[in-house]
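Take a look at the structure below.
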4 protein chains.
Amino acid sequence: MKTLNVGMIGYKFMGKTHSNAWRQVDKFFPVAAKPRLHTICGRNKTAVQAAAKKFGWDHAATRWQDVVNNPEIDIIDINTANDTHAEIAIAAAKAGKHVLCEKPLALNVAQAWAMVEAVKKAGVVNMVCHNYRRIPAIAQARKMIAAGDLGRIFHYRARYLQDWIVDPEFPLVWRLQSKIAGSGTHGDINAHIIDLGRYLVGELSEVCGYMETFIKQRPLPGSKTKKGKVTVDDAVITLGKFKNGAMANLEASRFAPGRKNHIQIEINGSKGSLVFDFEDMNRLKYFNRADPADRQGYRDIIVTDSTHPYVGAWWPGGHIIGYEHTFVHTIFDFIQAVVKGKSVQPTFVDGLQNQIVLEAIEKSSKQRRWVKVA
Amino acid sequence: MKTLNVGMIGYKFMGKTHSNAWRQVDKFFPVAAKPRLHTICGRNKTAVQAAAKKFGWDHAATRWQDVVNNPEIDIIDINTANDTHAEIAIAAAKAGKHVLCEKPLALNVAQAWAMVEAVKKAGVVNMVCHNYRRIPAIAQARKMIAAGDLGRIFHYRARYLQDWIVDPEFPLVWRLQSKIAGSGTHGDINAHIIDLGRYLVGELSEVCGYMETFIKQRPLPGSKTKKGKVTVDDAVITLGKFKNGAMANLEASRFAPGRKNHIQIEINGSKGSLVFDFEDMNRLKYFNRADPADRQGYRDIIVTDSTHPYVGAWWPGGHIIGYEHTFVHTIFDFIQAVVKGKSVQPTFVDGLQNQIVLEAIEKSSKQRRWVKVA
Amino acid sequence: MKTLNVGMIGYKFMGKTHSNAWRQVDKFFPVAAKPRLHTICGRNKTAVQAAAKKFGWDHAATRWQDVVNNPEIDIIDINTANDTHAEIAIAAAKAGKHVLCEKPLALNVAQAWAMVEAVKKAGVVNMVCHNYRRIPAIAQARKMIAAGDLGRIFHYRARYLQDWIVDPEFPLVWRLQSKIAGSGTHGDINAHIIDLGRYLVGELSEVCGYMETFIKQRPLPGSKTKKGKVTVDDAVITLGKFKNGAMANLEASRFAPGRKNHIQIEINGSKGSLVFDFEDMNRLKYFNRADPADRQGYRDIIVTDSTHPYVGAWWPGGHIIGYEHTFVHTIFDFIQAVVKGKSVQPTFVDGLQNQIVLEAIEKSSKQRRWVKVA
Amino acid sequence: MKTLNVGMIGYKFMGKTHSNAWRQVDKFFPVAAKPRLHTICGRNKTAVQAAAKKFGWDHAATRWQDVVNNPEIDIIDINTANDTHAEIAIAAAKAGKHVLCEKPLALNVAQAWAMVEAVKKAGVVNMVCHNYRRIPAIAQARKMIAAGDLGRIFHYRARYLQDWIVDPEFPLVWRLQSKIAGSGTHGDINAHIIDLGRYLVGELSEVCGYMETFIKQRPLPGSKTKKGKVTVDDAVITLGKFKNGAMANLEASRFAPGRKNHIQIEINGSKGSLVFDFEDMNRLKYFNRADPADRQGYRDIIVTDSTHPYVGAWWPGGHIIGYEHTFVHTIFDFIQAVVKGKSVQPTFVDGLQNQIVLEAIEKSSKQRRWVKVA
């Protein structure tokens, strides 16, 4: 079997999830090529060497340029902070590598455009890692909607709620600084429910957003007395209209006590409804208007059956999977695409489109009016 | 429209629920005769007069014999402590009154037999008030099982859990004294899930029970220092076999913190399953094995549709009803039966059969072996 | 005990719920005066006479003016279509009657202003029937928020979803005609979650709404071939800002298959969160950030304890109540206010304020921008 | 870091879960020694070689004796059919290997005794793989009970329900043949809830069981016409008494449509209750009687916080884990025990004790009476 050498830039939270996925994928899925964890890259030599050992990479590097230009490498996997995605991805494309990049694709639309152009020009397989598309329940929802099971869609209602910065003493980490993160809740988690809306319902035509920062100042990391300004949003709520006429209602916040990683989605159509909650990610609720009147009710589908997408590769029905499995599914499809030289959704164009929506919402929030999604 | 004069013996908890039902029934249901709250009866004159005023009865009496023998009265409704049911019901039957009696029908099988004989001889309409049969979700479950929607039944699994006597300082009220109550948890709440099992699945052929009293001594009511012996069971668990081959697993306890009036029932059959929880009594969960494999899941049916039993008489779909409505449904069917001179389930024979099962379980618990349900 | 004579205008759905409440209130609550169901009024003589008999009213009338001017009447209860509220309420106030009026208070702000002026001038007790304020779980939530248990409020997130007009063949009833109903989903159900937001969180300062009509034409009632134009909204979603800085996200729709009367509310504050769902109206979920880290979780409070608002008057813990009980609670408080000559929330001023918010949302939806709540 | 060479006997379902655990453990947990997947063993050469490649083992063997006697091997991990556990484990112990063995430990008590003697004599670390003990929610429950948070335990109520053989056409696989499997539902899944009861509540003193086989004949595997006799139980329900006075109610069945791997446990004590459901394995429900009366409710704890057992090694809060992670936790603790030369629960003695309970239940079911747990 062919081997694909992977170079991964970044080794923190996403580095851990991606490393796991590269290691696990061929143990469970019928990959067309076997990935080799060739090189992991980070600026701190000691830390990246420890990560290489811990996560099972053959080599550790400190300059991403070396990895990108290493002729042995087939795939570049980008997990760094958002402000570095564009530069690395464009260089990787130029070097002819296939590129998998964490979301949000870029800091802004301009960067995302450049990235799309680069991968198109290079003709490399490109994918933005919206791993939630490959939660089996979400893939099942997509399948059902595509089959027309919901009929005409009226509503897409999505919340992504967390609570990790409710405490005003939580420090001003990089995710709370616009220079590095681009935005706060918006690019980090609103981006996910925008992507799922695009995946499940279609393209948005117009949006009207409202972004808020509840805690304006926070302690500088490591300091007990000094504070710095929070330059990103804490929460963002959005009205939207899809091209197909459906209404969108989005809410993302890091200020919802008790909600840890709560993505709740409800889609209502003329034939039925679907409901998903990430904290119960192995379930999908489905209401079918065609059921007999006295027997109608949301079906609580445990999405662990061999007939459901992806999940049959793991365990028997009723044996649930978790968060990291979504990355394995993503990387499985990416590998297959690389081997076959085919496109695999979500591409950089999806990442760009997501960025366009993100920017339209930001503009709309500033101008306090509806904005067309260009 | 014809009027039916009701005489009600007892005026406490069940007196309140029954009074409400007699008052409400003709406001919502198409009764064939209008009930008149003629006389309420209790031993304490002041208290029963206050109850008459509060609950809307025309007269108050202190001797049940006077009510039973009052020629104006058509129906006797018995809500007194368990040790008085037999005497009152037999006298009422002899006086030619139709009789509605709270559960458990009697203190023991012998009493229940005598009651059945009395109503049969008198030819009066007789009903034991197992109001939970007329929870719309339960009536819907019965309809589905009778229609064969569950196929062959394998399992009846029922729990009735409460927590009101977990505190060892809770006093020795009448419900904890076998002389008055007959038994504890057993006759009070196990009786309900036995009845529901008989209603939904069929007759039991054999049982094996285990009764336990966790707190052996409790403060005498009104006393801070004196204690008395608890002479009833705190909890009872039971294995059982139905005549149709299904297995029964019953559990009743007043020692389950956080469970207030938790009746959870699950029935598994060859074609599907049903699940009910009284604390969410407006819902019924239904699993249909015939649904497509990737769309199977327990349906969460909100049993408030006009197609569901009883509930259409109240409010539009989604507007839930509560505990007391089950008594209104019961009394509606009772009135219709009285006017038509027909039998209405559950009859005193059902009450007797329930008592037979209760006694078999008690015997089995004492002898520590299986006992046939005679 | 003093008697209060009630004249009720309207006898359909709300007539049924209000009649029940007037009948039931003194059976369960310690009223300071006993209400007498004096006269029910409706334009169709036969129908209103039948309603009087069915619901227990002493008299039936066909002209509301006669009822309003009947010197025997103390209280006017208005349940008619929205376009008649103002005229009747103003006349009732002029006649010195205390007035209870169904929501929405009026067709528009101008009408609502006139109603407020009329009751102020007359000095009569006035209440708009936002019965959901007196769901025990909601009253409990209010108590907790008022006590500071949630700290600073960040988010008010509310949905009111139904599905009764998803079928495009559902006819053009009065609720779908703006001339009679004023608006559609907006005034009917969005009004409820606006009111609950004002009750639980505070006054809104700005809103941005988006109203949509999915089915533009519907069959005329009684006709199989003729269609008429739907002149109200089918769904409305709204961003809002409270004066205290909290963010509001509202959604109301009649196009959510499987959602019957689904009011889901979530409030996030610096100390905790509360979640409510009307389809499980006897429960309130509460997350307390002060709980030990490994024991934190949403508490599923069954709001049927004697310590909870209103509910102790009904049944023991765990015995749930239903939809109509909220009207009994409302009318209990209204009676007490009438007897004591005190104000009782929500007053007509609340109804007016609700109308102001409704109009701001409508304006905002037309102008596609944020609008200040005057 | 020291390396531990593992030899694994068996390569099917459990072989897949164990292989994954051996591979993953050092990537997430601070192991004191690094496991090496040295040799996997199975009778079918082609199949075991494929498994070796797929699961990441260095060598494949066809005779377990070779593996057990290979001086390079430190640990023997037994995942074969139940009838082979004893022979392999005893040989492994004799060869001085540390032994991890799948449950049920043996076919019967006699075998289990011999296994316990062998590992004691050899002084090797021994563990029976009751992986559910290391579900984080279960480990948290154990921690809380051990800390006295539940007070005196009254009830242990556990169900393990599946539905994979409801179809009478499902073939007579080895799990349905007593010669190979020992028992059916009983040893396969009842064993799990017995173990959890012992782990969480204590030792059972007496049991009374009822075993049933609903489908007596099934098609022989691969045959369309021939049937064979089902020689194991389909379902088993059990009453039990713990030495500490708590009551046990156990139910295990493969005939519960819609229940895939449904382990529902409820424990009621004098201070509170705990509820667990394996299909939502990342949650634990906790009722605390000490909470204020109007704020009491089952807390829905998402057991993904860094303060919870094991789970902090994986992902941030709210990012759930799945079935296979419980094996990783088990193997982590096993490795640590091997390195430190310490005992690690559950030992073979636990496996024996489980077997003793299993046998007492079987005896009791045959004799239709209570049986003491020796």
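By convention here, the chains of the structure tokens are called A, B, ... in the order presented, each chain's residues are numbered starting at 1, and ligands are numbered starting at 1 in the order presented.
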
With a distance cut-off of 9 Å and only C-alpha atoms, select the neighbouring residues of region 343-348 of chain A, excluding the residue or stretch itself and same-chain residues fewer than 4 positions from it, and output the selection as an MDAnalysis selection string. chainID A and resid 100:101 105 112:113 115:116 119 124:130 133 195 199 333:334 336:338 352:353

Tell me which protein, DNA and RNA residues are within 9 Å of Leu37 (chain C), counting only C-alpha atoms, leaving out same-chain ones fewer than 2 positions away, and put them as a ChimeraX atom specification. /C:4-8,19,22-23,35,39-40,56-59

Skipping near chain neighbours, those fewer than 5 positions away, what residues fall within 12 Å of Lys216 (chain A) using only C-alpha atoms, listed as a count of residues only? 15

Could the residues of chain B within 7 Å of chain C, counting only C-alpha atoms, be given as number ranges by chain, please? B: 27, 54-55, 260-261, 279, 317-323

Between CA of Ile145 (chain C) and CA of Lys342 (chain C), distance in Å (one decimal): 24.1 Å

Any idea what's packed within 7 Å of Arg152 (chain D), counting only C-alpha atoms, ignoring anything in its chain fewer than 2 positions away? Could you give it as a count of residues only? 4

Expected answer as number ranges by chain: strand (DSSP E or B) residues in region 144-342 of chain B: B: 153-161, 204-212, 217-219, 227-229, 235-242, 247-253, 262-269, 272-277, 283-288, 298-302

Which one of B:Gly209, B:Gly151, B:Pro219, B:Pro104 sits closest to Asn244 (chain B) if you count only C-alpha atoms? B:Gly151

Using backbone DSSP assignments, extract all helix (DSSP H, G or I) residues from region 112-220 of chain A; output them as a PyMOL selection string. chain A and resi 112-122+131-134+136-146+174-176+178-181+185-200

What does the file look like for those residues with N, CA and C atoms, as a tab-separated table (two decimals), in the first residue's frame?
chain	number	residue	atom	x	y	z
A	112	ALA	N	-8.24	34.56	2.68
A	112	ALA	CA	-8.88	33.34	2.22
A	112	ALA	C	-8.89	33.26	0.69
A	113	TRP	N	-9.16	34.39	0.05
A	113	TRP	CA	-9.09	34.44	-1.42
A	113	TRP	C	-7.73	34.01	-1.94
A	114	ALA	N	-6.73	34.57	-1.31
A	114	ALA	CA	-5.35	34.25	-1.73
A	114	ALA	C	-5.07	32.75	-1.57
A	115	MET	N	-5.58	32.19	-0.51
A	115	MET	CA	-5.37	30.77	-0.26
A	115	MET	C	-6.08	29.92	-1.31
A	116	VAL	N	-7.32	30.31	-1.63
A	116	VAL	CA	-8.06	29.59	-2.66
A	116	VAL	C	-7.32	29.65	-3.99
A	117	GLU	N	-6.84	30.83	-4.32
A	117	GLU	CA	-6.12	30.99	-5.59
A	117	GLU	C	-4.88	30.10	-5.62
A	118	ALA	N	-4.19	30.08	-4.50
A	118	ALA	CA	-2.95	29.30	-4.43
A	118	ALA	C	-3.20	27.81	-4.63
A	119	VAL	N	-4.20	27.28	-3.98
A	119	VAL	CA	-4.44	25.84	-4.12
A	119	VAL	C	-4.99	25.51	-5.51
A	120	LYS	N	-5.79	26.44	-6.06
A	120	LYS	CA	-6.31	26.21	-7.41
A	120	LYS	C	-5.17	26.18	-8.41
A	121	LYS	N	-4.30	27.18	-8.27
A	121	LYS	CA	-3.17	27.27	-9.19
A	121	LYS	C	-2.28	26.03	-9.10
A	122	ALA	N	-2.08	25.59	-7.89
A	122	ALA	CA	-1.19	24.44	-7.67
A	122	ALA	C	-1.89	23.11	-7.99
A	131	ASN	N	-14.54	19.68	11.09
A	131	ASN	CA	-14.73	18.28	11.46
A	131	ASN	C	-16.17	17.93	11.83
A	132	TYR	N	-16.95	18.93	12.26
A	132	TYR	CA	-18.31	18.60	12.71
A	132	TYR	C	-19.20	18.12	11.57
A	133	ARG	N	-18.81	18.41	10.32
A	133	ARG	CA	-19.56	17.85	9.19
A	133	ARG	C	-19.57	16.33	9.22
A	134	ARG	N	-18.58	15.76	9.87
A	134	ARG	CA	-18.46	14.30	9.85
A	134	ARG	C	-18.77	13.64	11.18
A	136	PRO	N	-21.30	11.54	12.76
A	136	PRO	CA	-22.25	10.68	12.04
A	136	PRO	C	-23.68	11.24	12.01
A	137	ALA	N	-24.12	11.83	13.11
A	137	ALA	CA	-25.49	12.36	13.14
A	137	ALA	C	-25.65	13.51	12.15
A	138	ILE	N	-24.62	14.32	12.00
A	138	ILE	CA	-24.69	15.43	11.04
A	138	ILE	C	-24.65	14.89	9.61
A	139	ALA	N	-23.79	13.93	9.37
A	139	ALA	CA	-23.73	13.33	8.03
A	139	ALA	C	-25.06	12.66	7.69
A	140	GLN	N	-25.67	12.04	8.69
A	140	GLN	CA	-26.98	11.42	8.49
A	140	GLN	C	-28.03	12.50	8.19
A	141	ALA	N	-27.97	13.60	8.90
A	141	ALA	CA	-28.91	14.70	8.67
A	141	ALA	C	-28.77	15.22	7.24
A	142	ARG	N	-27.53	15.39	6.83
A	142	ARG	CA	-27.27	15.86	5.47
A	142	ARG	C	-27.88	14.90	4.44
A	143	LYS	N	-27.68	13.62	4.68
A	143	LYS	CA	-28.20	12.59	3.78
A	143	LYS	C	-29.72	12.69	3.67
A	144	MET	N	-30.35	12.86	4.81
A	144	MET	CA	-31.81	12.92	4.83
A	144	MET	C	-32.33	14.18	4.16
A	145	ILE	N	-31.68	15.30	4.42
A	145	ILE	CA	-32.12	16.55	3.80
A	145	ILE	C	-31.92	16.48	2.29
A	146	ALA	N	-30.77	15.94	1.89
A	146	ALA	CA	-30.49	15.82	0.45
A	146	ALA	C	-31.51	14.90	-0.22
A	174	TRP	N	-4.51	34.24	23.94
A	174	TRP	CA	-4.45	34.68	22.53
A	174	TRP	C	-5.81	34.65	21.84
A	175	ARG	N	-6.66	33.74	22.27
A	175	ARG	CA	-7.97	33.66	21.64
A	175	ARG	C	-8.84	34.90	21.91
A	176	LEU	N	-8.41	35.73	22.86
A	176	LEU	CA	-9.17	36.94	23.19
A	176	LEU	C	-8.52	38.20	22.60
A	178	SER	N	-7.63	40.13	19.07
A	178	SER	CA	-8.04	40.13	17.66
A	178	SER	C	-6.85	40.02	16.71
A	179	LYS	N	-5.70	40.53	17.14
A	179	LYS	CA	-4.54	40.49	16.26
A	179	LYS	C	-4.18	39.05	15.89
A	180	ILE	N	-4.28	38.16	16.85
A	180	ILE	CA	-3.91	36.76	16.60
A	180	ILE	C	-5.12	35.92	16.18
A	181	ALA	N	-6.24	36.15	16.86
A	181	ALA	CA	-7.39	35.26	16.65
A	181	ALA	C	-8.34	35.78	15.56
A	185	THR	N	-15.48	34.60	19.79
A	185	THR	CA	-16.50	33.59	19.63
A	185	THR	C	-16.87	33.42	18.16
A	186	HIS	N	-16.85	34.54	17.47
A	186	HIS	CA	-17.30	34.57	16.08
A	186	HIS	C	-16.53	33.59	15.19
A	187	GLY	N	-15.23	33.79	15.07
A	187	GLY	CA	-14.44	32.94	14.18
A	187	GLY	C	-14.20	31.56	14.76
A	188	ASP	N	-14.26	31.47	16.07
A	188	ASP	CA	-13.95	30.20	16.72
A	188	ASP	C	-15.13	29.23	16.67
A	189	ILE	N	-16.29	29.71	17.09
A	189	ILE	CA	-17.41	28.77	17.16
A	189	ILE	C	-18.60	29.17	16.29
A	190	ASN	N	-18.85	30.47	16.12
A	190	ASN	CA	-19.91	30.85	15.18
A	190	ASN	C	-19.58	30.28	13.80
A	191	ALA	N	-18.29	30.28	13.47
A	191	ALA	CA	-17.84	29.72	12.19
A	191	ALA	C	-18.34	28.29	11.98
A	192	HIS	N	-18.41	27.53	13.05
A	192	HIS	CA	-18.86	26.13	12.95
A	192	HIS	C	-20.34	26.05	12.58
A	193	ILE	N	-21.16	26.86	13.24
A	193	ILE	CA	-22.60	26.74	12.95
A	193	ILE	C	-22.96	27.42	11.63
A	194	ILE	N	-22.14	28.37	11.21
A	194	ILE	CA	-22.31	28.91	9.85
A	194	ILE	C	-22.00	27.80	8.84
A	195	ASP	N	-20.89	27.12	9.07
A	195	ASP	CA	-20.52	26.05	8.14
A	195	ASP	C	-21.59	24.96	8.10
A	196	LEU	N	-22.09	24.58	9.25
A	196	LEU	CA	-23.11	23.53	9.27
A	196	LEU	C	-24.39	24.01	8.57
A	197	GLY	N	-24.71	25.28	8.72
A	197	GLY	CA	-25.87	25.83	8.00
A	197	GLY	C	-25.67	25.74	6.49
A	198	ARG	N	-24.47	26.11	6.05
A	198	ARG	CA	-24.18	26.03	4.62
A	198	ARG	C	-24.23	24.57	4.16
A	199	TYR	N	-23.71	23.67	4.98
A	199	TYR	CA	-23.65	22.25	4.61
A	199	TYR	C	-25.04	21.64	4.56
A	200	LEU	N	-25.87	21.98	5.52
A	200	LEU	CA	-27.16	21.32	5.66
A	200	LEU	C	-28.30	22.02	4.91

For the atom pair CA of Gly312 (chain C) and CA of Tyr11 (chain B), what is the interatomic distance in Å to one decimal place? 17.9 Å
